[in-house]
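Shown next: query_8.cif, containing mmCIF, C-alpha atoms.
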data_structure
loop_
_atom_site.label_atom_id
_atom_site.label_comp_id
_atom_site.auth_asym_id
_atom_site.auth_seq_id
_atom_site.Cartn_x
_atom_site.Cartn_y
_atom_site.Cartn_z
CA MET E 1 1.15 -2.09 30.27
CA SER E 2 -1.43 -4.01 28.26
CA SER E 3 -0.30 -6.97 26.14
CA LYS E 4 -3.75 -8.33 25.25
CA LEU E 5 -4.70 -9.10 21.68
CA LEU E 6 -7.04 -7.10 19.48
CA LYS E 7 -10.56 -8.44 18.96
CA ARG E 8 -11.28 -10.49 15.82
CA GLU E 9 -14.09 -8.69 13.99
CA LEU E 10 -13.30 -8.99 10.24
CA GLY E 11 -14.69 -11.69 7.95
CA ILE E 12 -13.80 -12.42 4.29
CA PHE E 13 -15.96 -9.58 2.93
CA GLY E 14 -14.61 -6.99 5.36
CA ALA E 15 -11.00 -8.10 4.91
CA THR E 16 -11.33 -8.01 1.11
CA LEU E 17 -12.73 -4.49 1.23
CA MET E 18 -9.88 -3.43 3.51
CA GLY E 19 -7.47 -4.74 0.88
CA LEU E 20 -9.32 -2.99 -1.94
CA GLY E 21 -9.47 0.24 0.05
CA SER E 22 -5.69 0.11 0.46
CA ILE E 23 -4.98 -0.73 -3.18
CA VAL E 24 -7.57 1.14 -5.25
CA GLY E 25 -6.52 4.69 -4.43
CA THR E 26 -3.18 6.28 -5.12
CA GLY E 27 -2.39 2.97 -6.81
CA VAL E 28 -4.74 3.56 -9.72
CA PHE E 29 -5.07 7.34 -9.63
CA VAL E 30 -1.32 7.95 -9.35
CA SER E 31 0.84 4.98 -10.28
CA ILE E 32 -0.67 4.14 -13.67
CA GLY E 33 -0.13 7.73 -14.80
CA ILE E 34 3.48 7.75 -13.57
CA ALA E 35 4.19 4.31 -15.05
CA ALA E 36 2.64 5.39 -18.37
CA GLU E 37 5.03 8.35 -18.43
CA VAL E 38 7.95 5.94 -18.03
CA ALA E 39 6.89 3.12 -20.37
CA GLY E 40 4.16 4.50 -22.64
CA PRO E 41 1.89 1.71 -23.94
CA GLY E 42 4.27 -0.73 -22.23
CA VAL E 43 2.41 0.12 -19.02
CA ILE E 44 -0.09 -2.60 -19.96
CA LEU E 45 2.66 -5.22 -19.88
CA ALA E 46 4.02 -3.68 -16.65
CA VAL E 47 0.60 -4.05 -15.02
CA GLY E 48 0.54 -7.74 -15.96
CA ILE E 49 4.07 -8.49 -14.73
CA ALA E 50 3.45 -6.58 -11.49
CA ALA E 51 0.25 -8.58 -10.99
CA PHE E 52 2.17 -11.86 -11.34
CA VAL E 53 4.77 -10.75 -8.77
CA ALA E 54 1.98 -9.53 -6.48
CA VAL E 55 0.19 -12.88 -6.69
CA CYS E 56 3.37 -14.74 -5.66
CA ASN E 57 3.93 -12.35 -2.77
CA GLY E 58 0.27 -12.29 -1.82
CA LEU E 59 0.01 -16.07 -1.55
CA ASN E 60 3.18 -16.23 0.53
CA SER E 61 1.89 -13.43 2.76
CA ALA E 62 -1.38 -15.32 3.11
CA GLN E 63 0.18 -18.55 4.29
CA LEU E 64 2.45 -16.73 6.73
CA ALA E 65 -0.51 -14.80 8.17
CA ALA E 66 -2.62 -17.95 8.35
CA ASN E 67 0.05 -19.64 10.48
CA HIS E 68 1.00 -16.58 12.54
CA PRO E 69 -2.11 -14.33 12.74
CA VAL E 70 -0.90 -11.37 14.80
CA SER E 71 -0.59 -7.65 14.07
CA GLY E 72 2.62 -6.60 12.34
CA GLY E 73 2.76 -8.48 9.03
CA THR E 74 6.26 -9.21 7.74
CA TYR E 75 7.80 -7.51 10.77
CA GLU E 76 6.46 -10.41 12.85
CA TYR E 77 7.21 -13.07 10.22
CA GLY E 78 10.81 -11.90 10.05
CA TYR E 79 11.14 -12.32 13.80
CA LYS E 80 9.49 -15.74 13.90
CA TYR E 81 10.96 -17.40 10.81
CA LEU E 82 14.21 -15.50 10.14
CA ASN E 83 15.97 -13.26 12.67
CA PRO E 84 15.24 -10.03 14.61
CA TRP E 85 17.37 -7.87 12.29
CA LEU E 86 15.45 -8.85 9.17
CA GLY E 87 12.17 -8.54 11.05
CA PHE E 88 13.08 -5.03 12.15
CA THR E 89 14.17 -4.10 8.62
CA ALA E 90 10.76 -5.13 7.27
CA GLY E 91 8.90 -3.10 9.87
CA TRP E 92 11.18 -0.09 9.45
CA MET E 93 10.80 -0.02 5.66
CA PHE E 94 7.03 -0.35 5.98
CA LEU E 95 6.88 2.63 8.35
CA LEU E 96 9.03 4.82 6.10
CA ALA E 97 7.26 3.98 2.86
CA LYS E 98 3.68 4.03 4.07
CA THR E 99 3.95 7.16 6.19
CA ALA E 100 5.12 9.03 3.09
CA SER E 101 2.32 7.42 1.06
CA ALA E 102 -0.25 8.48 3.65
CA ALA E 103 0.91 12.10 3.47
CA THR E 104 0.68 11.91 -0.33
CA ALA E 105 -2.87 10.54 -0.10
CA ALA E 106 -3.93 13.31 2.31
CA LEU E 107 -2.54 16.02 0.03
CA GLY E 108 -4.03 14.34 -3.02
CA PHE E 109 -7.45 14.30 -1.36
CA ALA E 110 -7.10 17.98 -0.47
CA GLY E 111 -6.20 18.97 -4.05
CA TYR E 112 -9.10 17.03 -5.57
CA PHE E 113 -11.60 18.18 -2.95
CA LEU E 114 -10.72 21.87 -3.29
CA ASN E 115 -11.05 21.61 -7.06
CA ALA E 116 -14.43 19.90 -6.73
CA VAL E 117 -15.81 22.67 -4.50
CA GLY E 118 -14.35 25.39 -6.70
CA VAL E 119 -11.65 26.69 -4.37
CA ALA E 120 -8.67 27.80 -6.44
CA ASP E 121 -6.58 29.15 -3.54
CA ARG E 122 -3.94 26.50 -2.82
CA THR E 123 -3.22 28.01 0.61
CA TYR E 124 -6.05 25.84 1.94
CA LEU E 125 -4.36 22.66 0.70
CA ILE E 126 -2.41 21.75 3.84
CA LEU E 127 -5.26 22.74 6.17
CA THR E 128 -7.72 20.54 4.24
CA ALA E 129 -5.28 17.62 4.32
CA LEU E 130 -4.83 17.98 8.08
CA VAL E 131 -8.60 18.10 8.66
CA ALA E 132 -9.04 14.90 6.63
CA LEU E 133 -6.24 13.24 8.61
CA ALA E 134 -7.78 14.26 11.94
CA THR E 135 -11.26 13.04 10.90
CA LEU E 136 -10.07 9.62 9.76
CA THR E 137 -7.83 9.26 12.82
CA PHE E 138 -10.91 9.80 15.00
CA ILE E 139 -12.75 7.05 13.09
CA VAL E 140 -9.82 4.64 13.55
CA LEU E 141 -9.71 5.42 17.28
CA THR E 142 -13.34 4.27 17.59
CA GLY E 143 -12.37 0.73 16.56
CA ILE E 144 -12.11 -1.60 13.59
CA ARG E 145 -15.88 -2.07 13.19
CA ARG E 146 -16.60 1.59 12.47
CA SER E 147 -13.44 1.81 10.37
CA ASN E 148 -14.73 -1.09 8.28
CA ILE E 149 -18.12 0.62 7.75
CA ALA E 150 -16.41 3.84 6.64
CA ASN E 151 -14.08 1.90 4.35
CA THR E 152 -17.00 0.03 2.72
CA ALA E 153 -18.74 3.30 1.85
CA ILE E 154 -15.53 4.86 0.50
CA VAL E 155 -14.52 1.84 -1.60
CA SER E 156 -18.00 1.50 -3.14
CA VAL E 157 -17.87 5.00 -4.64
CA THR E 158 -14.30 4.51 -5.88
CA LEU E 159 -15.02 1.16 -7.57
CA LEU E 160 -18.17 2.52 -9.22
CA SER E 161 -16.31 5.50 -10.69
CA LEU E 162 -13.49 3.34 -12.07
CA ALA E 163 -15.88 0.73 -13.50
CA VAL E 164 -17.70 3.49 -15.40
CA PHE E 165 -14.35 4.94 -16.57
CA VAL E 166 -13.29 1.58 -18.02
CA ALA E 167 -16.70 0.78 -19.55
CA VAL E 168 -16.97 4.17 -21.26
CA GLY E 169 -13.27 4.45 -22.09
CA LEU E 170 -12.70 1.11 -23.83
CA PRO E 171 -14.62 2.16 -26.99
CA GLU E 172 -12.40 5.27 -27.10
CA VAL E 173 -9.16 3.26 -27.25
CA ARG E 174 -7.06 3.90 -30.35
CA TRP E 175 -3.44 3.06 -31.10
CA GLU E 176 -1.25 1.24 -33.59
CA MET E 177 -0.23 -2.24 -32.48
CA THR E 178 3.40 -1.30 -33.14
CA ALA E 179 3.31 1.38 -30.42
CA LEU E 180 4.68 -0.97 -27.77
CA GLN E 181 7.84 -1.74 -29.73
CA ASN E 182 8.32 1.87 -30.79
CA HIS E 183 7.98 3.54 -27.42
CA SER E 184 8.70 0.99 -24.67
CA SER E 185 12.19 -0.28 -23.93
CA ILE E 186 12.81 -3.30 -21.70
CA GLY E 187 14.35 -1.02 -19.07
CA SER E 188 11.36 1.34 -19.03
CA ILE E 189 8.97 -1.61 -18.68
CA PHE E 190 10.92 -2.98 -15.70
CA GLN E 191 10.96 0.44 -14.05
CA ALA E 192 7.21 0.81 -14.68
CA THR E 193 6.68 -2.70 -13.27
CA ALA E 194 8.46 -1.71 -10.05
CA LEU E 195 6.24 1.38 -9.79
CA MET E 196 3.10 -0.61 -10.56
CA PHE E 197 3.93 -3.24 -7.98
CA VAL E 198 3.31 -0.65 -5.26
CA ALA E 199 -0.18 -0.27 -6.71
CA TYR E 200 -0.94 -3.87 -5.72
CA SER E 201 0.81 -3.91 -2.35
CA GLY E 202 -2.16 -2.70 -0.32
CA TYR E 203 -3.20 -6.32 0.29
CA ALA E 204 -0.53 -6.26 2.99
CA ARG E 205 -3.11 -4.43 5.10
CA ILE E 206 -4.97 -7.71 5.43
CA THR E 207 -1.89 -9.41 6.89
CA THR E 208 -0.84 -6.52 9.12
CA MET E 209 -4.35 -6.63 10.61
CA SER E 210 -4.59 -10.44 10.74
CA GLU E 211 -4.95 -10.33 14.52
CA GLU E 212 -8.40 -8.81 13.90
CA VAL E 213 -9.56 -11.38 11.31
CA ARG E 214 -11.94 -14.21 12.21
CA GLU E 215 -10.76 -17.75 11.31
CA PRO E 216 -7.50 -16.38 9.82
CA ARG E 217 -6.27 -19.63 8.23
CA GLU E 218 -9.32 -19.68 5.98
CA THR E 219 -10.22 -15.98 5.74
CA ILE E 220 -6.83 -14.38 4.98
CA PRO E 221 -5.85 -16.44 1.88
CA LYS E 222 -9.33 -16.03 0.36
CA ALA E 223 -9.43 -12.29 1.05
CA ILE E 224 -5.99 -11.74 -0.49
CA ILE E 225 -6.83 -13.79 -3.60
CA PHE E 226 -10.17 -12.00 -4.10
CA THR E 227 -8.47 -8.63 -3.62
CA LEU E 228 -5.70 -9.34 -6.13
CA VAL E 229 -7.98 -10.80 -8.82
CA LEU E 230 -10.42 -7.87 -8.64
CA THR E 231 -7.57 -5.36 -8.62
CA MET E 232 -5.77 -6.95 -11.57
CA LEU E 233 -8.92 -6.90 -13.72
CA LEU E 234 -9.56 -3.28 -12.82
CA TYR E 235 -5.95 -2.18 -13.39
CA VAL E 236 -5.68 -3.88 -16.78
CA GLY E 237 -8.86 -2.13 -17.89
CA VAL E 238 -7.66 1.26 -16.65
CA ALA E 239 -4.18 0.75 -18.17
CA VAL E 240 -5.66 -0.10 -21.58
CA VAL E 241 -7.77 3.06 -21.52
CA VAL E 242 -4.82 5.18 -20.29
CA ALA E 243 -2.44 3.85 -22.94
CA GLY E 244 -4.94 3.77 -25.80
CA ALA E 245 -7.15 6.79 -25.19
CA GLY E 246 -4.92 9.23 -23.32
CA GLU E 247 -1.64 11.08 -23.45
CA PRO E 248 0.60 9.54 -20.76
CA ASP E 249 2.92 12.55 -20.56
CA LYS E 250 0.02 14.63 -19.17
CA LEU E 251 -1.12 12.18 -16.51
CA SER E 252 1.33 12.60 -13.63
CA LEU E 253 -0.19 13.84 -10.40
CA GLN E 254 1.22 17.04 -9.00
CA ILE E 255 0.42 17.90 -5.40
CA GLY E 256 -2.01 20.76 -5.40
CA GLY E 257 -2.96 20.15 -9.01
CA THR E 258 -6.45 20.94 -10.22
CA THR E 259 -7.55 17.59 -11.61
CA ALA E 260 -7.30 13.89 -10.98
CA PRO E 261 -4.92 12.37 -13.57
CA LEU E 262 -7.50 10.05 -15.10
CA GLU E 263 -10.00 12.90 -15.23
CA VAL E 264 -7.89 14.44 -18.03
CA ILE E 265 -8.76 11.46 -20.22
CA ALA E 266 -12.38 11.22 -19.05
CA ARG E 267 -13.05 14.78 -20.23
CA SER E 268 -12.50 13.64 -23.82
CA PHE E 269 -15.14 10.89 -23.64
CA ARG E 270 -18.27 11.37 -25.68
CA ILE E 271 -20.55 10.42 -22.79
CA PRO E 272 -20.91 13.37 -20.38
CA GLY E 273 -20.54 13.18 -16.61
CA VAL E 274 -17.74 10.60 -16.47
CA SER E 275 -15.08 13.12 -15.49
CA GLN E 276 -17.23 14.42 -12.62
CA LEU E 277 -17.86 10.89 -11.36
CA LEU E 278 -14.17 10.11 -11.64
CA ALA E 279 -13.31 13.25 -9.68
CA ALA E 280 -15.59 11.99 -6.89
CA GLY E 281 -13.92 8.59 -7.13
CA ALA E 282 -10.49 10.18 -6.78
CA ILE E 283 -11.60 11.99 -3.63
CA THR E 284 -12.97 8.83 -2.01
CA ALA E 285 -9.98 6.79 -3.21
CA MET E 286 -7.53 9.07 -1.42
CA LEU E 287 -9.65 8.93 1.73
CA GLY E 288 -9.73 5.13 1.52
CA VAL E 289 -5.97 4.89 1.19
CA LEU E 290 -5.42 7.30 4.06
CA LEU E 291 -7.85 5.41 6.31
CA ASN E 292 -6.24 2.05 5.60
CA LEU E 293 -2.71 3.40 5.98
CA ILE E 294 -3.56 4.79 9.40
CA LEU E 295 -4.87 1.34 10.33
CA GLY E 296 -1.87 -0.53 8.89
CA LEU E 297 0.80 1.81 10.24
CA SER E 298 -0.67 1.78 13.73
CA ARG E 299 -0.55 -2.05 13.76
CA ILE E 300 3.14 -2.02 12.81
CA TRP E 301 3.89 0.52 15.57
CA LEU E 302 1.91 -1.73 17.93
CA ALA E 303 3.93 -4.80 17.00
CA MET E 304 7.25 -2.96 17.27
CA GLY E 305 6.19 -1.56 20.64
CA ARG E 306 5.38 -5.06 21.89
CA ARG E 307 8.89 -6.23 21.00
CA ARG E 308 10.50 -3.04 22.36
CA ASP E 309 11.98 -2.05 19.01
CA MET E 310 9.92 1.09 19.65
CA PRO E 311 8.70 2.53 22.98
CA ARG E 312 6.45 0.10 24.90
CA VAL E 313 3.75 2.75 25.28
CA LEU E 314 2.83 2.09 21.64
CA ALA E 315 1.58 -1.38 22.62
CA ARG E 316 -1.26 0.01 24.74
CA LEU E 317 -4.82 -0.85 23.65
CA ASN E 318 -8.05 0.92 24.54
CA PRO E 319 -10.19 -0.76 27.26
CA GLU E 320 -12.35 -2.51 24.64
CA GLY E 321 -9.29 -4.01 22.93
CA THR E 322 -10.35 -2.66 19.54
CA THR E 323 -7.53 -0.21 18.73
CA PRO E 324 -3.92 0.58 19.73
CA TYR E 325 -4.75 4.18 20.58
CA MET E 326 -1.23 5.40 21.37
CA ALA E 327 0.11 3.98 18.10
CA VAL E 328 -2.74 5.66 16.17
CA VAL E 329 -1.85 9.03 17.69
CA VAL E 330 1.83 8.60 16.74
CA VAL E 331 0.78 7.75 13.18
CA GLU E 332 -1.33 10.90 12.98
CA VAL E 333 1.53 13.10 14.19
CA THR E 334 4.12 11.64 11.79
CA ILE E 335 1.79 11.89 8.79
CA ALA E 336 0.90 15.46 9.73
CA LEU E 337 4.58 16.41 9.76
CA LEU E 338 5.12 14.94 6.30
CA ILE E 339 2.04 16.66 4.88
CA LEU E 340 4.07 19.88 4.96
CA VAL E 341 6.38 18.56 2.22
CA GLY E 342 6.28 16.01 -0.59
CA ASP E 343 6.82 15.20 -4.24
CA VAL E 344 4.60 12.42 -5.57
CA LYS E 345 6.93 10.81 -8.10
CA THR E 346 9.86 10.71 -5.64
CA THR E 347 7.63 9.43 -2.85
CA TRP E 348 6.15 6.75 -5.09
CA SER E 349 9.56 5.58 -6.30
CA PHE E 350 10.82 5.37 -2.72
CA SER E 351 7.69 3.44 -1.76
CA ALA E 352 8.38 1.03 -4.63
CA PHE E 353 11.90 0.28 -3.39
CA SER E 354 10.83 -0.01 0.26
CA VAL E 355 7.85 -2.24 -0.46
CA LEU E 356 9.90 -4.54 -2.71
CA ILE E 357 12.50 -5.00 0.06
CA TYR E 358 9.65 -5.61 2.52
CA TYR E 359 8.22 -8.37 0.33
CA ALA E 360 11.62 -9.87 -0.36
CA ILE E 361 11.78 -10.51 3.38
CA THR E 362 8.21 -11.87 3.25
CA ASN E 363 9.20 -14.43 0.62
CA LEU E 364 12.39 -15.31 2.49
CA ALA E 365 10.29 -16.01 5.59
CA ALA E 366 7.85 -18.13 3.54
CA LEU E 367 10.76 -20.35 2.49
CA GLN E 368 11.17 -21.31 6.14
CA LEU E 369 7.63 -22.70 6.53
CA SER E 370 7.44 -26.39 7.37
CA PRO E 371 5.54 -28.74 5.02
CA ALA E 372 2.68 -28.84 7.53
CA GLU E 373 2.42 -25.05 7.60
CA ARG E 374 2.74 -24.53 3.85
CA LEU E 375 -0.46 -23.86 1.90
CA TYR E 376 1.16 -23.29 -1.52
CA PRO E 377 4.19 -24.68 -3.43
CA GLN E 378 7.61 -23.51 -2.22
CA TRP E 379 8.63 -22.33 -5.70
CA LEU E 380 6.20 -19.41 -5.32
CA ALA E 381 8.43 -18.03 -2.55
CA TRP E 382 11.56 -18.38 -4.72
CA VAL E 383 9.86 -16.62 -7.65
CA GLY E 384 8.58 -13.84 -5.40
CA LEU E 385 11.97 -13.37 -3.73
CA GLY E 386 13.86 -13.20 -7.02
CA ASN E 387 11.42 -10.79 -8.64
CA CYS E 388 11.35 -8.44 -5.64
CA LEU E 389 15.13 -8.18 -5.42
CA PHE E 390 15.40 -7.75 -9.19
CA LEU E 391 12.74 -5.03 -9.50
CA ALA E 392 13.85 -3.09 -6.39
CA PHE E 393 16.92 -1.80 -8.20
CA TRP E 394 15.11 -0.67 -11.34
CA VAL E 395 13.91 2.52 -9.62
CA GLU E 396 16.11 5.61 -9.90
CA ARG E 397 19.62 5.09 -8.56
CA GLU E 398 19.42 7.88 -5.97
CA ILE E 399 16.20 6.34 -4.62
CA TRP E 400 17.62 2.90 -3.88
CA LEU E 401 20.85 4.38 -2.53
CA THR E 402 18.75 6.51 -0.15
CA GLY E 403 16.77 3.41 0.76
CA LEU E 404 19.88 1.43 1.64
CA ALA E 405 21.14 4.35 3.75
CA LEU E 406 17.84 4.45 5.64
CA ILE E 407 17.98 0.69 6.26
CA ALA E 408 21.42 1.19 7.82
CA THR E 409 20.08 4.07 9.91
CA GLY E 410 17.24 1.92 11.22
CA LEU E 411 19.56 -0.96 12.13
CA ILE E 412 21.85 1.44 14.01
CA TRP E 413 18.80 2.72 15.91
CA ARG E 414 17.84 -0.83 16.89
CA ALA E 415 21.36 -1.62 18.04
CA ILE E 416 21.34 1.49 20.25
CA VAL E 417 17.93 0.90 21.85
CA ARG E 418 18.81 -2.75 22.49
CA LEU E 419 22.06 -1.96 24.33
CA PRO E 420 20.51 -1.67 27.83
CA ALA E 421 18.96 -5.13 27.47
CA LYS E 422 22.45 -6.66 27.18
CA ASN E 423 23.74 -5.15 30.41
#
Can you dump the structure from the file as structure tokens?
Amino acid sequence: MSSKLLKRELGIFGATLMGLGSIVGTGVFVSIGIAAEVAGPGVILAVGIAAFVAVCNGLNSAQLAANHPVSGGTYEYGYKYLNPWLGFTAGWMFLLAKTASAATAALGFAGYFLNAVGVADRTYLILTALVALATLTFIVLTGIRRSNIANTAIVSVTLLSLAVFVAVGLPEVRWEMTALQNHSSIGSIFQATALMFVAYSGYARITTMSEEVREPRETIPKAIIFTLVLTMLLYVGVAVVVAGAGEPDKLSLQIGGTTAPLEVIARSFRIPGVSQLLAAGAITAMLGVLLNLILGLSRIWLAMGRRRDMPRVLARLNPEGTTPYMAVVVVEVTIALLILVGDVKTTWSFSAFSVLIYYAITNLAALQLSPAERLYPQWLAWVGLGNCLFLAFWVEREIWLTGLALIATGLIWRAIVRLPAKN
């Protein structure tokens, strides 16, 4: 059984693009529409608050990864700085949330792609999603270098389409300044903030893949900061256009729908061609998210296999040491199973709760760093911890109750698989 480490092949540019590829996808094409439904024009404030929480969490993730640069992210930090039960909880919640998100991204890609090629028959939806999943899984199996090349191409198209959307859409913005008070309650803004936080959380891919980053103590913090700053600027621009030029109640993404949510707004722009470019951006965005989730999920399975919280076979690497091939195959199978079902709003709300719990554990681990290990002030970890725990319970009640039940289920599983080790 191989226990060797993955090769370090990512620099600052590659790591930043991995973060952007994970964030700028369902995050912008799905979450802003859903959050705008909940909070109306208050989505702009939600984007800002979520960005602040994300910065706190991102900096704490960065200093943890810089000091402990191995695959697994907060799963590993929980083990090293807290205790095995909290480490397992972080890994378990990541697997649950991101597998569901990956299935959503695959189905979203299929819906947008079929619309773009003029296929109205939705019976091809699942087949198209499975083909996309199989193709990207093959790329991931070839190693991080080729995955990075594919991600760079995908992210470039997505960023171009969104930049054009914001540039053309800002002159179209129109609303009364009193709209925020009239249509956005404090509760709706907090709920939208929780949903928007998920839209920033893709930077975790940089930390879960930190074993593959060159000079991690320098590269990881810079890559996370660059990723978050670029994302925040983009999201604020998109949110302003969504709230001021669109109708939020028509923006939610339905699996198998015929248009990308933001495309509805782009069709009303006076400059032609923006909606077509945005449709292309939505297609590449979903592919980018799916690619990066396969990468991130496989590294969590790898880490959990190494510690025997999951079967040890998941810790096997290919002969070149560039990919955990057994873990990648397991990721493909689990995503494929979930592609058969799914509701975007429910999935996104569950992801919000799961990711907020995950980052609460991240911040708790950051509080345990010694002064020599710490790169940023300790108060950032306290702020991040408090905000994560506060926002986690602003999603729908049935969502967080389900989340707590699944945490209990995971801990029972760990207790069972660990029993032989005690005898």
Selection near stretch 386-401 of chain E, 6 Å with only C-alpha atoms, sequence-local residues under 6 positions removed, as a list of chain:residue names: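 Everything that qualifies: E:Gln191, E:Ala194, E:Phe350, E:Phe353, E:Leu356, E:Ala360.
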Residues returned when the PyMOL selection byres ((chain E and resi 366) around 8) runs on this file, as number ranges by chain: E: 60-61, 63-64, 81, 362-365, 367-369, 378, 381
From E:Thr322, E:Glu332, E:Ile126, E:Ser370, residue lying nearest E:Ser147 [all atoms listed in the file]: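 Looking only at the distances to E:Ser147, the closest residue turns out to be E:Thr322.
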Residues of stretch 62-169 of chain E that approach stretch 403-415 of chain E to 9 Å or less, counting only C-alpha atoms: could you list each one with the shortest pair of atoms and its distance in Å to one decimal, rows by chain and increasing residue number, as JSON lines?
{"residue": "E:Trp85", "atom": "CA", "partner": "E:Leu411", "partner_atom": "CA", "distance": 7.3}
{"residue": "E:Phe88", "atom": "CA", "partner": "E:Leu411", "partner_atom": "CA", "distance": 7.7}
{"residue": "E:Thr89", "atom": "CA", "partner": "E:Ile407", "partner_atom": "CA", "distance": 6.6}
{"residue": "E:Trp92", "atom": "CA", "partner": "E:Gly410", "partner_atom": "CA", "distance": 6.6}
{"residue": "E:Met93", "atom": "CA", "partner": "E:Ile407", "partner_atom": "CA", "distance": 7.2}
{"residue": "E:Leu96", "atom": "CA", "partner": "E:Leu406", "partner_atom": "CA", "distance": 8.8}
Output file for the residues above (C-alpha atoms, as a compact mmCIF listing (two decimals), in the frame of the given file):
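As a result, again_35.txt now contains:
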# COMPACT_ATOMS: atom_id res chain seq x y z
CA TRP E 85 17.37 -7.87 12.29
CA PHE E 88 13.08 -5.03 12.15
CA THR E 89 14.17 -4.10 8.62
CA TRP E 92 11.18 -0.09 9.45
CA MET E 93 10.80 -0.02 5.66
CA LEU E 96 9.03 4.82 6.10
Length of the atom CA of E:Gly118 to atom CA of E:Thr152 vector [Å]: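 Taking atom CA of E:Gly118 as the start and atom CA of E:Thr152 as the end point, the length is 27.2 Å.
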Could you list the residues chosen by the PyMOL selection byres ((chain E and resi 137-146) around 10) in this structure as a CSV table (one decimal) with C-alpha atoms, in the coordinates of the input?
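To be explicit, this is the file written out as result.csv:
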chain,number,residue,atom,x,y,z
E,6,LEU,CA,-7.0,-7.1,19.5
E,7,LYS,CA,-10.6,-8.4,19.0
E,8,ARG,CA,-11.3,-10.5,15.8
E,9,GLU,CA,-14.1,-8.7,14.0
E,10,LEU,CA,-13.3,-9.0,10.2
E,14,GLY,CA,-14.6,-7.0,5.4
E,131,VAL,CA,-8.6,18.1,8.7
E,132,ALA,CA,-9.0,14.9,6.6
E,133,LEU,CA,-6.2,13.2,8.6
E,134,ALA,CA,-7.8,14.3,11.9
E,135,THR,CA,-11.3,13.0,10.9
E,136,LEU,CA,-10.1,9.6,9.8
E,147,SER,CA,-13.4,1.8,10.4
E,148,ASN,CA,-14.7,-1.1,8.3
E,149,ILE,CA,-18.1,0.6,7.8
E,150,ALA,CA,-16.4,3.8,6.6
E,151,ASN,CA,-14.1,1.9,4.4
E,152,THR,CA,-17.0,0.0,2.7
E,209,MET,CA,-4.4,-6.6,10.6
E,212,GLU,CA,-8.4,-8.8,13.9
E,290,LEU,CA,-5.4,7.3,4.1
E,291,LEU,CA,-7.8,5.4,6.3
E,292,ASN,CA,-6.2,2.0,5.6
E,294,ILE,CA,-3.6,4.8,9.4
E,295,LEU,CA,-4.9,1.3,10.3
E,298,SER,CA,-0.7,1.8,13.7
E,318,ASN,CA,-8.0,0.9,24.5
E,320,GLU,CA,-12.4,-2.5,24.6
E,321,GLY,CA,-9.3,-4.0,22.9
E,322,THR,CA,-10.4,-2.7,19.5
E,323,THR,CA,-7.5,-0.2,18.7
E,324,PRO,CA,-3.9,0.6,19.7
E,325,TYR,CA,-4.8,4.2,20.6
E,326,MET,CA,-1.2,5.4,21.4
E,327,ALA,CA,0.1,4.0,18.1
E,328,VAL,CA,-2.7,5.7,16.2
E,329,VAL,CA,-1.8,9.0,17.7
E,331,VAL,CA,0.8,7.8,13.2
E,332,GLU,CA,-1.3,10.9,13.0
Target residues per the PyMOL selection byres ((chain E and resi 171) around 12), formatted as a PyMOL selection string: chain E and resi 165-170+172-175+237+240-241+244-245+269-271
Next, dump the selected residues to file, keeping only C-alpha atoms, as a short mmCIF file (atom, residue, chain, number, x, y, z; two decimals), keeping the file's coordinate frame.
data_model
loop_
_atom_site.label_atom_id
_atom_site.label_comp_id
_atom_site.auth_asym_id
_atom_site.auth_seq_id
_atom_site.Cartn_x
_atom_site.Cartn_y
_atom_site.Cartn_z
CA PHE E 165 -14.35 4.94 -16.57
CA VAL E 166 -13.29 1.58 -18.02
CA ALA E 167 -16.70 0.78 -19.55
CA VAL E 168 -16.97 4.17 -21.26
CA GLY E 169 -13.27 4.45 -22.09
CA LEU E 170 -12.70 1.11 -23.83
CA GLU E 172 -12.40 5.27 -27.10
CA VAL E 173 -9.16 3.26 -27.25
CA ARG E 174 -7.06 3.90 -30.35
CA TRP E 175 -3.44 3.06 -31.10
CA GLY E 237 -8.86 -2.13 -17.89
CA VAL E 240 -5.66 -0.10 -21.58
CA VAL E 241 -7.77 3.06 -21.52
CA GLY E 244 -4.94 3.77 -25.80
CA ALA E 245 -7.15 6.79 -25.19
CA PHE E 269 -15.14 10.89 -23.64
CA ARG E 270 -18.27 11.37 -25.68
CA ILE E 271 -20.55 10.42 -22.79
#
Separation of atom CA of E:Ala199 from atom CA of E:Gly384 in Å: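 Spanning atom CA of E:Gly384 to atom CA of E:Ala199 is a straight-line distance of 16.2 Å.
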Counting only C-alpha atoms, the residue of E:Met196, E:Val274, E:Ile225, E:Leu380 that sits nearest E:Phe29: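 Comparing E:Met196, E:Val274, E:Ile225, E:Leu380 against E:Phe29, the winner is E:Met196.
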Around all of stretch 99-114 of chain E's listed atoms, make the axis-aligned box with 3 Å on each side and tell me centre and edge lengths in Å to one decimal, as JSON.
{"center_x": -3.2, "center_y": 14.5, "center_z": 0.3, "size_x": 22.7, "size_y": 20.7, "size_z": 17.8}
Minimum-distance residue to E:Val330, chosen among E:Ser201, E:Leu385, E:Leu125, E:Leu95 (using only C-alpha atoms):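 The answer is E:Leu95, which sits nearest to E:Val330.
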For atom CA of E:Val28 and atom CA of E:Glu263, the interatomic separation in Å (one decimal):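 Computing it gives 12.1 Å between the two atoms.
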Minimum-distance residue to E:Ser161, chosen among E:Ile357, E:Leu337, E:Val238, E:Ile300 (using all atoms listed in the file): E:Val238
Option closest in space to E:Gly11, from E:Ile206, E:Val213, E:Val164, E:Ile186 [counting only C-alpha atoms]: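 Answer, going by the shortest atom-to-atom distance: E:Val213.
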Closest of E:Tyr203, E:Trp382, E:Tyr235, E:Phe190 to E:Ala46 - atom-to-atom distances counting only C-alpha atoms: E:Phe190
